[in-house]
$ cat model32.cif   # mmCIF, C-alpha atoms
data_input
loop_
_atom_site.label_atom_id
_atom_site.label_comp_id
_atom_site.auth_asym_id
_atom_site.auth_seq_id
_atom_site.Cartn_x
_atom_site.Cartn_y
_atom_site.Cartn_z
CA MET A 27 24.68 -44.57 12.77
CA LYS A 28 22.98 -46.24 15.69
CA ILE A 29 24.89 -43.94 18.04
CA LEU A 30 23.77 -40.87 16.08
CA THR A 31 20.11 -41.82 16.14
CA ASP A 32 20.39 -42.63 19.84
CA LEU A 33 22.00 -39.28 20.54
CA TRP A 34 19.30 -37.57 18.50
CA ALA A 35 16.65 -39.40 20.52
CA PHE A 36 18.23 -38.47 23.85
CA LEU A 37 19.11 -34.87 23.08
CA ILE A 38 16.54 -33.57 20.60
CA PHE A 39 13.44 -35.67 19.95
CA PRO A 40 11.79 -37.13 22.02
CA GLY A 41 14.56 -36.37 24.52
CA PHE A 42 15.90 -33.28 26.18
CA VAL A 43 14.95 -30.37 23.88
CA PHE A 44 11.47 -31.66 23.07
CA MET A 45 10.84 -32.46 26.73
CA ALA A 46 12.16 -29.10 27.90
CA VAL A 47 9.90 -27.17 25.51
CA LEU A 48 6.84 -29.23 26.42
CA GLY A 49 7.77 -29.16 30.11
CA MET A 50 8.01 -25.37 30.13
CA LEU A 51 4.68 -25.12 28.34
CA VAL A 52 3.05 -27.47 30.82
CA SER A 53 4.54 -25.76 33.85
CA TRP A 54 3.13 -22.51 32.45
CA ILE A 55 -0.27 -24.21 32.17
CA ASP A 56 0.13 -25.32 35.77
CA ARG A 57 0.89 -21.82 36.98
CA LYS A 58 -1.82 -20.24 34.85
CA VAL A 59 -4.49 -22.67 36.03
CA THR A 60 -3.34 -22.10 39.62
CA ALA A 61 -3.67 -18.36 39.10
CA ARG A 62 -7.12 -18.68 37.59
CA VAL A 63 -8.26 -20.91 40.45
CA GLN A 64 -7.09 -18.21 42.85
CA TYR A 65 -8.82 -15.55 40.77
CA ARG A 66 -5.56 -14.01 39.56
CA VAL A 67 -4.28 -13.29 36.05
CA GLY A 68 -1.13 -15.41 36.20
CA PRO A 69 2.26 -15.28 34.47
CA PRO A 70 2.83 -14.74 30.73
CA LEU A 71 3.53 -17.65 28.39
CA LEU A 72 7.32 -17.31 28.30
CA GLN A 73 7.66 -17.01 32.08
CA PRO A 74 9.26 -20.45 32.71
CA LEU A 75 11.88 -19.67 30.03
CA TRP A 76 12.71 -16.30 31.60
CA ASP A 77 12.94 -17.91 35.03
CA LEU A 78 15.46 -20.46 33.76
CA LEU A 79 17.48 -17.86 31.82
CA LYS A 80 17.60 -15.62 34.85
CA LEU A 81 18.74 -18.43 37.15
CA LEU A 82 21.43 -19.42 34.63
CA GLY A 83 22.78 -15.87 34.73
CA LYS A 84 23.19 -15.78 38.51
CA GLU A 85 25.97 -17.04 40.72
CA THR A 86 25.75 -20.29 42.66
CA VAL A 87 26.63 -19.86 46.30
CA VAL A 88 28.15 -22.99 47.85
CA PRO A 89 27.54 -22.99 51.60
CA ARG A 90 30.60 -23.23 53.80
CA GLY A 91 31.24 -26.83 54.79
CA ALA A 92 29.06 -28.29 52.04
CA SER A 93 30.26 -31.17 49.91
CA ARG A 94 30.92 -29.59 46.51
CA LEU A 95 30.80 -32.85 44.59
CA ALA A 96 27.42 -33.91 45.97
CA PHE A 97 26.11 -30.35 45.90
CA PHE A 98 26.71 -29.97 42.17
CA GLY A 99 26.35 -33.66 41.28
CA ALA A 100 22.86 -34.08 42.72
CA PRO A 101 20.97 -31.79 40.28
CA LEU A 102 22.75 -33.40 37.32
CA ILE A 103 21.77 -36.90 38.50
CA GLY A 104 18.15 -35.80 38.79
CA LEU A 105 18.21 -34.21 35.34
CA ALA A 106 19.76 -37.34 33.83
CA GLY A 107 17.06 -39.53 35.37
CA ALA A 108 14.25 -37.32 34.10
CA VAL A 109 15.70 -37.15 30.57
CA PHE A 110 16.25 -40.90 30.51
CA VAL A 111 12.73 -41.84 31.52
CA GLY A 112 11.17 -39.22 29.24
CA THR A 113 13.20 -40.49 26.29
CA MET A 114 12.23 -44.10 26.99
CA VAL A 115 8.54 -43.26 27.15
CA GLY A 116 8.79 -41.00 24.10
CA VAL A 117 10.66 -43.56 22.00
CA ALA A 118 8.15 -46.25 22.96
CA MET A 119 5.20 -44.03 22.09
CA PHE A 120 6.45 -42.36 18.91
CA PHE A 121 8.73 -45.01 17.37
CA GLY A 122 7.54 -48.21 19.05
CA GLU A 123 11.03 -49.14 20.19
CA GLY A 124 12.27 -50.36 23.54
CA PHE A 125 14.13 -53.15 25.27
CA TYR A 126 13.05 -56.02 27.47
CA GLY A 127 12.21 -54.87 30.99
CA ASP A 128 12.20 -51.14 30.23
CA LEU A 129 9.10 -50.74 32.41
CA ILE A 130 11.22 -51.68 35.44
CA VAL A 131 14.05 -49.39 34.37
CA ALA A 132 11.53 -46.55 33.98
CA ILE A 133 10.27 -47.14 37.53
CA TYR A 134 13.85 -46.92 38.82
CA MET A 135 14.61 -43.81 36.78
CA LEU A 136 11.48 -42.06 38.03
CA VAL A 137 12.95 -42.18 41.55
CA LEU A 138 16.19 -40.46 40.54
CA PRO A 139 14.89 -36.85 40.69
CA SER A 140 13.63 -37.50 44.22
CA LEU A 141 16.97 -39.06 45.16
CA ALA A 142 18.67 -35.98 43.72
CA ILE A 143 16.61 -33.78 46.03
CA ILE A 144 17.63 -35.92 49.02
CA MET A 145 21.29 -35.87 48.01
CA GLY A 146 21.31 -32.13 47.37
CA GLY A 147 19.48 -31.42 50.60
CA ILE A 148 21.90 -33.42 52.70
CA ALA A 149 24.95 -32.08 50.85
CA SER A 150 24.01 -28.44 51.41
CA LYS A 151 24.60 -28.58 55.18
CA ASN A 152 21.53 -26.73 56.30
CA PRO A 153 19.23 -28.02 59.04
CA LEU A 154 16.07 -27.12 57.13
CA ALA A 155 17.41 -28.82 54.01
CA SER A 156 18.15 -31.94 56.05
CA VAL A 157 14.61 -31.97 57.37
CA GLY A 158 13.35 -31.60 53.81
CA ALA A 159 15.55 -34.45 52.64
CA SER A 160 14.41 -36.74 55.43
CA ARG A 161 10.78 -35.97 54.59
CA GLU A 162 11.41 -36.73 50.94
CA MET A 163 12.90 -40.09 51.99
CA LYS A 164 9.82 -40.95 54.04
CA LEU A 165 7.58 -39.89 51.19
CA ILE A 166 9.42 -42.15 48.73
CA VAL A 167 9.11 -45.06 51.14
CA GLY A 168 5.41 -44.23 51.35
CA TYR A 169 4.40 -43.89 47.72
CA GLU A 170 6.66 -46.41 46.00
CA LEU A 171 4.77 -49.42 47.36
CA PRO A 172 1.31 -48.53 45.99
CA PHE A 173 2.88 -47.11 42.81
CA ILE A 174 4.60 -50.39 41.95
CA LEU A 175 1.56 -52.42 42.99
CA ALA A 176 -0.65 -50.35 40.71
CA LEU A 177 1.79 -50.77 37.84
CA LEU A 178 1.47 -54.53 38.29
CA VAL A 179 -2.11 -54.27 36.99
CA PRO A 180 -1.22 -53.62 33.32
CA VAL A 181 1.54 -56.24 33.58
CA ILE A 182 -0.93 -58.85 34.82
CA GLN A 183 -3.64 -57.88 32.34
CA SER A 184 -1.30 -58.10 29.38
CA GLY A 185 -0.03 -61.50 30.46
CA GLY A 186 3.38 -60.56 31.89
CA GLN A 187 4.52 -57.82 29.51
CA LEU A 188 7.47 -55.88 30.93
CA ARG A 189 8.13 -53.79 27.82
CA LEU A 190 6.53 -50.38 27.37
CA THR A 191 6.00 -51.15 23.67
CA GLY A 192 4.42 -54.49 24.58
CA LEU A 193 2.01 -52.77 26.94
CA LEU A 194 1.19 -50.15 24.30
CA GLU A 195 0.60 -52.76 21.58
CA HIS A 196 -1.60 -54.75 23.93
CA GLN A 197 -3.66 -51.62 24.53
CA TYR A 198 -3.83 -50.76 20.83
CA ALA A 199 -5.21 -54.25 20.19
CA ASN A 200 -7.52 -54.71 23.20
CA GLY A 201 -8.38 -51.21 24.39
CA SER A 202 -6.85 -49.29 27.27
CA PHE A 203 -6.26 -50.91 30.67
CA ALA A 204 -8.22 -48.10 32.29
CA ALA A 205 -11.39 -49.49 30.68
CA SER A 206 -11.57 -52.22 33.34
CA ILE A 207 -12.39 -51.88 37.05
CA SER A 208 -8.90 -52.83 38.19
CA GLY A 209 -7.45 -50.41 35.65
CA VAL A 210 -9.56 -47.53 36.93
CA ILE A 211 -8.51 -48.21 40.53
CA ALA A 212 -4.89 -48.49 39.46
CA LEU A 213 -5.18 -45.18 37.58
CA VAL A 214 -6.53 -43.43 40.68
CA VAL A 215 -3.71 -44.87 42.79
CA VAL A 216 -1.11 -43.86 40.23
CA ILE A 217 -2.50 -40.31 40.01
CA LEU A 218 -2.15 -39.96 43.79
CA CYS A 219 1.40 -41.36 43.69
CA MET A 220 2.18 -39.05 40.77
CA GLN A 221 1.19 -36.10 42.91
CA ALA A 222 3.70 -37.20 45.55
CA LYS A 223 6.39 -37.96 42.96
CA MET A 224 6.09 -34.46 41.54
CA GLY A 225 6.22 -33.00 45.04
CA LEU A 226 2.97 -31.07 44.66
CA VAL A 227 0.60 -30.11 47.47
CA PRO A 228 -0.77 -32.10 49.47
CA PHE A 229 2.52 -34.03 49.31
CA ASP A 230 5.06 -31.21 49.08
CA GLN A 231 6.39 -31.70 52.61
CA ALA A 232 9.96 -31.82 51.29
CA GLU A 233 9.77 -28.30 49.87
CA ALA A 234 7.15 -26.87 52.22
CA GLU A 235 7.62 -23.19 51.42
CA THR A 236 5.87 -22.00 54.54
CA GLU A 237 7.64 -24.13 57.16
CA LEU A 238 10.93 -25.13 55.57
CA THR A 239 11.23 -22.14 53.18
CA GLY A 240 12.18 -24.26 50.21
CA GLY A 241 13.25 -27.33 52.18
CA ALA A 242 15.89 -29.38 50.44
CA LEU A 243 16.45 -26.65 47.84
CA ILE A 244 16.94 -23.88 50.38
CA GLU A 245 20.69 -23.43 49.78
CA TYR A 246 20.56 -23.75 46.01
CA SER A 247 20.90 -20.72 43.79
CA GLY A 248 21.79 -19.82 40.23
CA PRO A 249 22.42 -22.54 37.60
CA ALA A 250 22.17 -25.40 40.12
CA LEU A 251 18.69 -24.25 41.11
CA ALA A 252 17.88 -23.81 37.42
CA ILE A 253 18.70 -27.48 36.85
CA TYR A 254 16.36 -28.49 39.67
CA LYS A 255 13.59 -26.33 38.21
CA LEU A 256 14.26 -27.80 34.76
CA THR A 257 14.13 -31.32 36.19
CA LYS A 258 10.76 -30.55 37.68
CA MET A 259 9.52 -29.24 34.33
CA LEU A 260 10.81 -32.37 32.56
CA MET A 261 9.03 -34.51 35.14
CA PHE A 262 5.87 -32.55 34.36
CA TYR A 263 6.22 -34.00 30.87
CA ALA A 264 7.60 -37.44 31.71
CA VAL A 265 5.42 -38.66 34.58
CA PRO A 266 1.93 -38.00 33.14
CA MET A 267 3.16 -39.27 29.75
CA PHE A 268 4.37 -42.46 31.43
CA VAL A 269 0.97 -42.92 33.07
CA VAL A 270 -0.84 -42.32 29.78
CA ALA A 271 1.41 -44.86 28.05
CA VAL A 272 1.27 -47.56 30.70
CA LEU A 273 -2.31 -47.39 31.91
CA TRP A 274 -4.43 -45.17 29.70
CA GLY A 275 -4.04 -46.39 26.14
CA GLY A 276 -1.13 -44.25 24.94
CA PHE A 277 -1.66 -42.64 21.55
CA GLY A 278 -4.15 -45.26 20.44
CA GLY A 279 -2.14 -46.45 17.42
CA LEU A 280 -0.37 -43.31 16.14
CA THR A 281 -3.24 -42.08 13.97
CA ALA A 282 -4.05 -38.36 13.99
CA TRP A 283 -7.17 -39.01 16.05
CA GLY A 284 -5.24 -41.22 18.46
CA ILE A 285 -2.51 -38.63 18.98
CA ALA A 286 -5.06 -35.88 19.59
CA LEU A 287 -6.81 -38.10 22.11
CA GLY A 288 -3.48 -38.94 23.77
CA VAL A 289 -2.64 -35.25 24.12
CA VAL A 290 -6.06 -34.62 25.63
CA LYS A 291 -5.53 -37.44 28.16
CA TYR A 292 -2.13 -36.01 29.03
CA LEU A 293 -3.56 -32.52 29.54
CA VAL A 294 -6.39 -33.94 31.65
CA LEU A 295 -3.81 -35.54 33.96
CA VAL A 296 -1.81 -32.31 34.20
CA VAL A 297 -4.83 -30.14 34.96
CA LEU A 298 -6.06 -32.73 37.44
CA MET A 299 -2.72 -32.56 39.29
CA THR A 300 -2.94 -28.77 39.33
CA LEU A 301 -6.49 -28.82 40.64
CA ILE A 302 -5.63 -31.34 43.37
CA ARG A 303 -2.72 -29.16 44.40
CA ASN A 304 -4.87 -26.05 44.58
CA THR A 305 -7.76 -27.49 46.52
CA ASN A 306 -5.86 -29.31 49.27
CA PRO A 307 -3.76 -28.27 52.23
CA ARG A 308 -0.37 -29.85 52.88
CA LEU A 309 -0.52 -33.07 54.88
CA ARG A 310 1.83 -33.68 57.74
CA ILE A 311 4.50 -36.18 56.77
CA GLU A 312 3.28 -38.98 59.01
CA HIS A 313 -0.24 -38.50 57.67
CA ALA A 314 1.05 -38.71 54.13
CA VAL A 315 2.89 -41.98 54.81
CA LYS A 316 -0.15 -43.34 56.66
CA PHE A 317 -2.34 -42.34 53.72
CA PHE A 318 -0.13 -44.14 51.21
CA TRP A 319 0.42 -47.25 53.31
CA GLY A 320 -3.23 -47.36 54.35
CA VAL A 321 -5.99 -46.40 51.93
CA VAL A 322 -3.90 -46.17 48.78
CA SER A 323 -2.06 -49.44 49.32
CA VAL A 324 -5.31 -51.25 50.06
CA LEU A 325 -6.79 -49.86 46.84
CA ALA A 326 -3.69 -50.95 44.94
CA VAL A 327 -3.85 -54.48 46.37
CA CYS A 328 -7.56 -54.63 45.45
CA SER A 329 -6.80 -53.63 41.88
CA VAL A 330 -4.04 -56.25 41.61
CA VAL A 331 -6.34 -58.98 42.99
CA LEU A 332 -9.16 -57.93 40.66
CA ALA A 333 -6.79 -57.90 37.69
CA ALA A 334 -5.47 -61.35 38.58
CA ILE A 335 -8.97 -62.82 38.97
CA GLY A 336 -10.18 -61.11 35.81
CA THR A 337 -7.25 -62.36 33.76
CA TYR A 338 -7.46 -65.89 35.21
CA LEU A 339 -11.18 -66.24 34.49
CA GLY A 340 -11.04 -64.21 31.28
CA ILE A 341 -13.48 -61.52 32.46
CA GLU A 342 -12.60 -58.40 30.49
CA TRP A 343 -14.32 -55.73 32.57
CA MET A 344 -12.48 -56.77 35.73
CA MET B 30 20.23 -4.81 27.08
CA GLY B 31 21.82 -8.21 27.62
CA VAL B 32 19.84 -11.39 28.05
CA THR B 33 20.88 -11.66 31.69
CA VAL B 34 19.53 -8.25 32.62
CA LYS B 35 16.38 -8.74 30.56
CA ALA B 36 15.72 -12.10 32.22
CA LEU B 37 16.37 -10.55 35.62
CA MET B 38 13.78 -7.89 34.89
CA LYS B 39 11.31 -10.41 33.52
CA SER B 40 11.41 -12.67 36.56
CA PRO B 41 12.39 -10.83 39.73
CA TRP B 42 11.93 -13.22 42.64
CA VAL B 43 11.46 -11.13 45.72
CA PHE B 44 12.41 -11.80 49.32
CA HIS B 45 10.75 -9.80 52.01
CA VAL B 46 12.99 -8.36 54.76
CA SER B 47 11.35 -6.52 57.61
CA ALA B 48 14.05 -4.41 59.22
CA GLY B 49 12.21 -3.01 62.19
CA GLY B 50 9.19 -1.53 60.48
CA CYS B 51 5.79 -0.87 62.01
CA ASN B 52 4.23 -3.66 59.87
CA GLY B 53 2.31 -1.19 57.68
CA CYS B 54 4.62 -1.56 54.69
CA ASP B 55 4.80 -5.34 55.23
CA ILE B 56 1.06 -5.64 54.87
CA GLU B 57 1.15 -3.49 51.75
CA VAL B 58 3.88 -5.76 50.32
CA LEU B 59 1.60 -8.74 50.85
CA ASP B 60 -1.14 -6.79 49.07
CA CYS B 61 0.92 -7.05 45.89
CA LEU B 62 0.41 -10.82 45.92
CA THR B 63 -3.37 -10.70 46.21
CA PRO B 64 -5.67 -11.28 43.22
CA ARG B 65 -6.28 -7.55 42.91
CA PHE B 66 -2.63 -6.68 42.18
CA ASP B 67 -1.06 -10.10 41.39
CA ILE B 68 2.64 -9.39 40.76
CA GLU B 69 3.01 -12.84 39.22
CA ARG B 70 1.72 -11.14 36.05
CA PHE B 71 5.21 -9.65 35.81
CA GLY B 72 6.98 -12.85 36.80
CA ALA B 73 7.63 -11.82 40.38
CA VAL B 74 7.30 -14.57 42.96
CA LEU B 75 7.70 -14.33 46.72
CA VAL B 76 10.40 -16.83 47.72
CA GLY B 77 11.16 -18.17 51.17
CA SER B 78 14.92 -18.56 50.91
CA VAL B 79 17.25 -15.62 50.41
CA ARG B 80 19.43 -17.76 48.12
CA HIS B 81 16.63 -17.77 45.55
CA ALA B 82 16.06 -14.02 45.72
CA ASP B 83 16.74 -11.45 43.02
CA ALA B 84 15.42 -8.50 44.96
CA LEU B 85 15.26 -7.84 48.68
CA LEU B 86 12.21 -5.80 49.58
CA VAL B 87 13.37 -3.97 52.70
CA THR B 88 10.85 -2.26 54.93
CA GLY B 89 11.51 -0.45 58.20
CA ALA B 90 13.95 2.03 59.61
CA MET B 91 17.00 -0.18 60.11
CA ASN B 92 17.67 -0.15 63.85
CA ARG B 93 20.73 -1.49 65.66
CA LYS B 94 19.42 -5.05 65.81
CA SER B 95 18.22 -5.38 62.24
CA ALA B 96 21.11 -3.61 60.50
CA TYR B 97 23.49 -6.48 61.20
CA ARG B 98 20.94 -9.03 60.03
CA LEU B 99 20.23 -7.16 56.83
CA LYS B 100 23.93 -7.02 55.98
CA GLU B 101 24.16 -10.75 56.65
CA LEU B 102 21.14 -11.45 54.43
CA TYR B 103 22.60 -9.38 51.61
CA ARG B 104 25.89 -11.25 51.93
CA GLN B 105 24.07 -14.59 51.68
CA ALA B 106 22.02 -13.69 48.61
CA ALA B 107 23.18 -14.91 45.20
CA LYS B 108 24.42 -11.95 43.15
CA PRO B 109 23.23 -10.08 41.13
CA CYS B 110 20.71 -9.15 43.78
CA LEU B 111 18.93 -5.82 44.00
CA VAL B 112 17.67 -4.11 47.10
CA ILE B 113 14.47 -2.11 47.01
CA ALA B 114 13.72 0.29 49.84
CA ILE B 115 10.02 0.32 50.59
CA GLY B 116 8.42 3.06 52.61
CA ALA B 117 9.62 6.33 54.05
CA CYS B 118 11.59 4.63 56.86
CA ALA B 119 13.63 2.41 54.55
CA CYS B 120 14.24 5.27 52.11
CA GLY B 121 15.60 7.73 54.66
CA GLN B 122 14.72 6.64 58.19
CA GLY B 123 11.46 8.64 58.10
CA ILE B 124 10.31 9.95 61.44
CA PHE B 125 13.02 7.97 63.23
CA ARG B 126 15.86 10.05 61.81
CA GLY B 127 18.31 10.96 64.56
CA SER B 128 16.93 8.42 67.02
CA TYR B 129 19.39 6.72 69.38
CA ALA B 130 18.26 3.29 68.10
CA MET B 131 19.17 3.96 64.47
CA VAL B 132 22.56 3.35 62.90
CA GLN B 133 22.59 4.38 59.25
CA PRO B 134 20.09 4.70 56.43
CA LEU B 135 19.73 1.60 54.27
CA ASP B 136 21.71 2.88 51.30
CA GLU B 137 24.68 3.90 53.44
CA LEU B 138 24.71 0.56 55.22
CA LEU B 139 24.95 -1.55 52.05
CA PRO B 140 27.64 -1.16 49.36
CA PRO B 141 27.00 1.88 47.14
CA GLY B 142 24.71 1.35 44.15
CA VAL B 143 23.04 -1.74 45.58
CA VAL B 144 19.79 -0.04 46.52
CA THR B 145 18.23 0.41 43.10
CA ALA B 146 14.77 1.70 43.88
CA TYR B 147 13.25 3.90 46.55
CA ILE B 148 9.52 3.67 46.99
CA PRO B 149 8.41 6.45 49.35
CA GLY B 150 5.11 6.55 51.18
CA CYS B 151 3.86 5.68 54.62
CA PRO B 152 2.95 3.05 53.58
CA PRO B 153 3.41 3.18 49.78
CA LYS B 154 0.54 1.97 47.63
CA PRO B 155 0.86 -1.45 45.99
CA GLU B 156 0.70 0.30 42.60
CA ALA B 157 3.79 2.28 43.56
CA MET B 158 5.63 -0.90 44.55
CA ILE B 159 4.73 -2.57 41.25
CA ALA B 160 5.97 0.50 39.39
CA GLY B 161 9.20 0.39 41.39
CA LEU B 162 9.71 -3.30 40.72
CA GLY B 163 9.29 -2.92 36.97
#

$ encode --input "model32.cif" --output "structure tokens"
Amino acid sequence: MKILTDLWAFLIFPGFVFMAVLGMLVSWIDRKVTARVQYRVGPPLLQPLWDLLKLLGKETVVPRGASRLAFFGAPLIGLAGAVFVGTMVGVAMFFGEGFYGDLIVAIYMLVLPSLAIIMGGIASKNPLASVGASREMKLIVGYELPFILALLVPVIQSGGQLRLTGLLEHQYANGSFAASISGVIALVVVILCMQAKMGLVPFDQAEAETELTGGALIEYSGPALAIYKLTKMLMFYAVPMFVVAVLWGGFGGLTAWGIALGVVKYLVLVVLMTLIRNTNPRLRIEHAVKFFWGVVSVLAVCSVVLAAIGTYLGIEWM
Amino acid sequence: MGVTVKALMKSPWVFHVSAGGCNGCDIEVLDCLTPRFDIERFGAVLVGSVRHADALLVTGAMNRKSAYRLKELYRQAAKPCLVIAIGACACGQGIFRGSYAMVQPLDELLPPGVVTAYIPGCPPKPEAMIAGLG
């Protein structure tokens, strides 16, 4: 029975199907908001679904000399990572279940889609794809440091909790982490890192449509490209949900009011990402790494220090 | 109509090939993306890689240099991929018909039946292109 419920959680709710539906909806919101910002009408509601169906119906061209195993394996690895992290966050938020250290596992799993892009880019034997992959690598090296530092803040504030459920329960009891100064700084840092994790402008150097014409995904077509697009949609669900759960109070105790508030927080994060991506130009890769290792890392260190002092002295607003 | 064809019509990602045109049609193609015409309403997106393309928008009269490249691009595209001839030159070589620099019209160069829409005009209006795409 345990296996059946686990399978249900991974495949239907809150796993793959649930995530895919929500992810498509959110990626439509992203495109629609983008269109409205640019004074356009934007795509219809079912557009992400049609895109995926169309890609699934096309052929996948494997470039001559490419490694078939890595070329087809990479998108699946990315998809698996996105589903895994989304399921973990969903199970923690809806059912209050988890295992010890699942916060750390979630951090690892969040890197998998980016690793998949690197792997696919290198496997496809195209110079532009290789440039895209190398940029993605540099970007990961850049944003992971402040991301993990910022995620230390809730761990410190809750007294060493490494479980998602533990963090959520601590927030249900004592209010969200983002209600303190260190929490707010950590939230800002995490939002910036989230932007890079999702590969959105100003940190979309790996895909860079105008210079690299699709970057690491340049050689992908048909179902393999569909899986990459689907992974991105799933990440549109998983990453902001993870941030809401870890830093911003989650669903506030699974009441109707709490869930509504949680959905609003989630949508705020999504629209914020879209607005950032529409009002900024793409940074050059060295500027992006400098940005993350400079300003953002300093902010993250500040938030960790503040959280440590606040917890040590028992000052709640720090 | 099967799901595949319906989905293809609902989300045609277009790739822009300039095969020796005078740039007039190319600018009109870009017009389709502006807020005034916005082809994303119909699911069409301009993509940068020919592997992602569902429709090649070909402008220009297809001279000796570009004919080879167009054939190569069509070979690289993931099938099913449509080709749409935009402008008088792409439809039937226009005023360059019979010139020493021209090889063949677009639809004779590619396999038969691949060119699915001809949008005449010099240059055609964005409305005409949208009608041809749909």

$ atom_distance --input "model32.cif" --atom1 "CA of Ala107 in chain B" --atom2 "CA of Lys223 in chain A"
28.6 Å

$ residues_around --input "model32.cif" --residues "Ile103 in chain A" --least-positions-apart "6" --cutoff "12 Å" --atoms "all atoms listed in the file" --output "ChimeraX atom specification"
/A:95-97,109-110,135-146,250,253-254,257

$ resolve_selection --input "model32.cif" --expression "the PyMOL selection byres ((chain B) within 10 of (chain A))" --output "PDB file with C-alpha atoms, in the coordinates of the input"
ATOM      1  CA  VAL B  32      19.840 -11.390  28.050  1.00  0.00           C
ATOM      2  CA  THR B  33      20.880 -11.660  31.690  1.00  0.00           C
ATOM      3  CA  VAL B  34      19.530  -8.250  32.620  1.00  0.00           C
ATOM      4  CA  LYS B  35      16.380  -8.740  30.560  1.00  0.00           C
ATOM      5  CA  ALA B  36      15.720 -12.100  32.220  1.00  0.00           C
ATOM      6  CA  LEU B  37      16.370 -10.550  35.620  1.00  0.00           C
ATOM      7  CA  MET B  38      13.780  -7.890  34.890  1.00  0.00           C
ATOM      8  CA  LYS B  39      11.310 -10.410  33.520  1.00  0.00           C
ATOM      9  CA  SER B  40      11.410 -12.670  36.560  1.00  0.00           C
ATOM     10  CA  PRO B  41      12.390 -10.830  39.730  1.00  0.00           C
ATOM     11  CA  TRP B  42      11.930 -13.220  42.640  1.00  0.00           C
ATOM     12  CA  LEU B  62       0.410 -10.820  45.920  1.00  0.00           C
ATOM     13  CA  THR B  63      -3.370 -10.700  46.210  1.00  0.00           C
ATOM     14  CA  PRO B  64      -5.670 -11.280  43.220  1.00  0.00           C
ATOM     15  CA  ARG B  65      -6.280  -7.550  42.910  1.00  0.00           C
ATOM     16  CA  PHE B  66      -2.630  -6.680  42.180  1.00  0.00           C
ATOM     17  CA  ASP B  67      -1.060 -10.100  41.390  1.00  0.00           C
ATOM     18  CA  ILE B  68       2.640  -9.390  40.760  1.00  0.00           C
ATOM     19  CA  GLU B  69       3.010 -12.840  39.220  1.00  0.00           C
ATOM     20  CA  ARG B  70       1.720 -11.140  36.050  1.00  0.00           C
ATOM     21  CA  PHE B  71       5.210  -9.650  35.810  1.00  0.00           C
ATOM     22  CA  GLY B  72       6.980 -12.850  36.800  1.00  0.00           C
ATOM     23  CA  ALA B  73       7.630 -11.820  40.380  1.00  0.00           C
ATOM     24  CA  VAL B  74       7.300 -14.570  42.960  1.00  0.00           C
ATOM     25  CA  VAL B  76      10.400 -16.830  47.720  1.00  0.00           C
ATOM     26  CA  GLY B  77      11.160 -18.170  51.170  1.00  0.00           C
ATOM     27  CA  SER B  78      14.920 -18.560  50.910  1.00  0.00           C
ATOM     28  CA  VAL B  79      17.250 -15.620  50.410  1.00  0.00           C
ATOM     29  CA  ARG B  80      19.430 -17.760  48.120  1.00  0.00           C
ATOM     30  CA  HIS B  81      16.630 -17.770  45.550  1.00  0.00           C
ATOM     31  CA  ALA B  82      16.060 -14.020  45.720  1.00  0.00           C
ATOM     32  CA  ASP B  83      16.740 -11.450  43.020  1.00  0.00           C
ATOM     33  CA  GLN B 105      24.070 -14.590  51.680  1.00  0.00           C
ATOM     34  CA  ALA B 106      22.020 -13.690  48.610  1.00  0.00           C
ATOM     35  CA  ALA B 107      23.180 -14.910  45.200  1.00  0.00           C
ATOM     36  CA  LYS B 108      24.420 -11.950  43.150  1.00  0.00           C
ATOM     37  CA  PRO B 109      23.230 -10.080  41.130  1.00  0.00           C
ATOM     38  CA  CYS B 110      20.710  -9.150  43.780  1.00  0.00           C
TER      39      CYS B 110
END

$ resolve_selection --input "model32.cif" --expression "the PyMOL selection byres ((chain B and resi 89-100) around 10)" --output "number ranges by chain"
B: 46-55, 85, 87-88, 101-105, 114-126, 128-135, 138-140

$ closest_residue --input "model32.cif" --among "A:Ser323, A:Arg310, A:Val179, A:Ile38" --to "Val117 in chain A" --atoms "all atoms listed in the file"
A:Ile38

$ residues_around --input "model32.cif" --residues "Ala146 in chain B" --least-positions-apart "6" --cutoff "8 Å" --atoms "all atoms listed in the file" --output "list in words"
Val112, Ile113, Ala114, Gly161 and Leu162 of chain B

$ residues_around --input "model32.cif" --residues "Gly276 in chain A" --least-positions-apart "6" --cutoff "8 Å" --atoms "only C-alpha atoms" --output "PyMOL selection string"
chain A and resi 119+194+197+202+270+288

$ residues_near_point --input "model32.cif" --point "(-6.6, -60.5, 39.9)" --cutoff "12 Å" --atoms "only C-alpha atoms" --output "JSON, numbers by chain"
{"A": [175, 176, 178, 179, 180, 181, 182, 183, 185, 206, 207, 208, 209, 326, 327, 328, 329, 330, 331, 332, 333, 334, 335, 336, 337, 338, 339, 340, 341, 342, 343, 344]}

$ resolve_selection --input "model32.cif" --expression "the PyMOL selection byres ((chain B and resi 155) around 8)" --output "list in words"
Glu57, Val58, Asp60, Cys61, Phe66, Pro153, Lys154, Glu156, Ala157, Met158 and Ile159 of chain B

$ write_last_selection --input "model32.cif" --atoms "C-alpha atoms" --output "mmCIF file, keeping the file's coordinate frame"
data_model
loop_
_atom_site.group_PDB
_atom_site.id
_atom_site.type_symbol
_atom_site.label_atom_id
_atom_site.label_comp_id
_atom_site.auth_asym_id
_atom_site.auth_seq_id
_atom_site.Cartn_x
_atom_site.Cartn_y
_atom_site.Cartn_z
ATOM 1 C CA GLU B 57 1.150 -3.490 51.750
ATOM 2 C CA VAL B 58 3.880 -5.760 50.320
ATOM 3 C CA ASP B 60 -1.140 -6.790 49.070
ATOM 4 C CA CYS B 61 0.920 -7.050 45.890
ATOM 5 C CA PHE B 66 -2.630 -6.680 42.180
ATOM 6 C CA PRO B 153 3.410 3.180 49.780
ATOM 7 C CA LYS B 154 0.540 1.970 47.630
ATOM 8 C CA GLU B 156 0.700 0.300 42.600
ATOM 9 C CA ALA B 157 3.790 2.280 43.560
ATOM 10 C CA MET B 158 5.630 -0.900 44.550
ATOM 11 C CA ILE B 159 4.730 -2.570 41.250
#
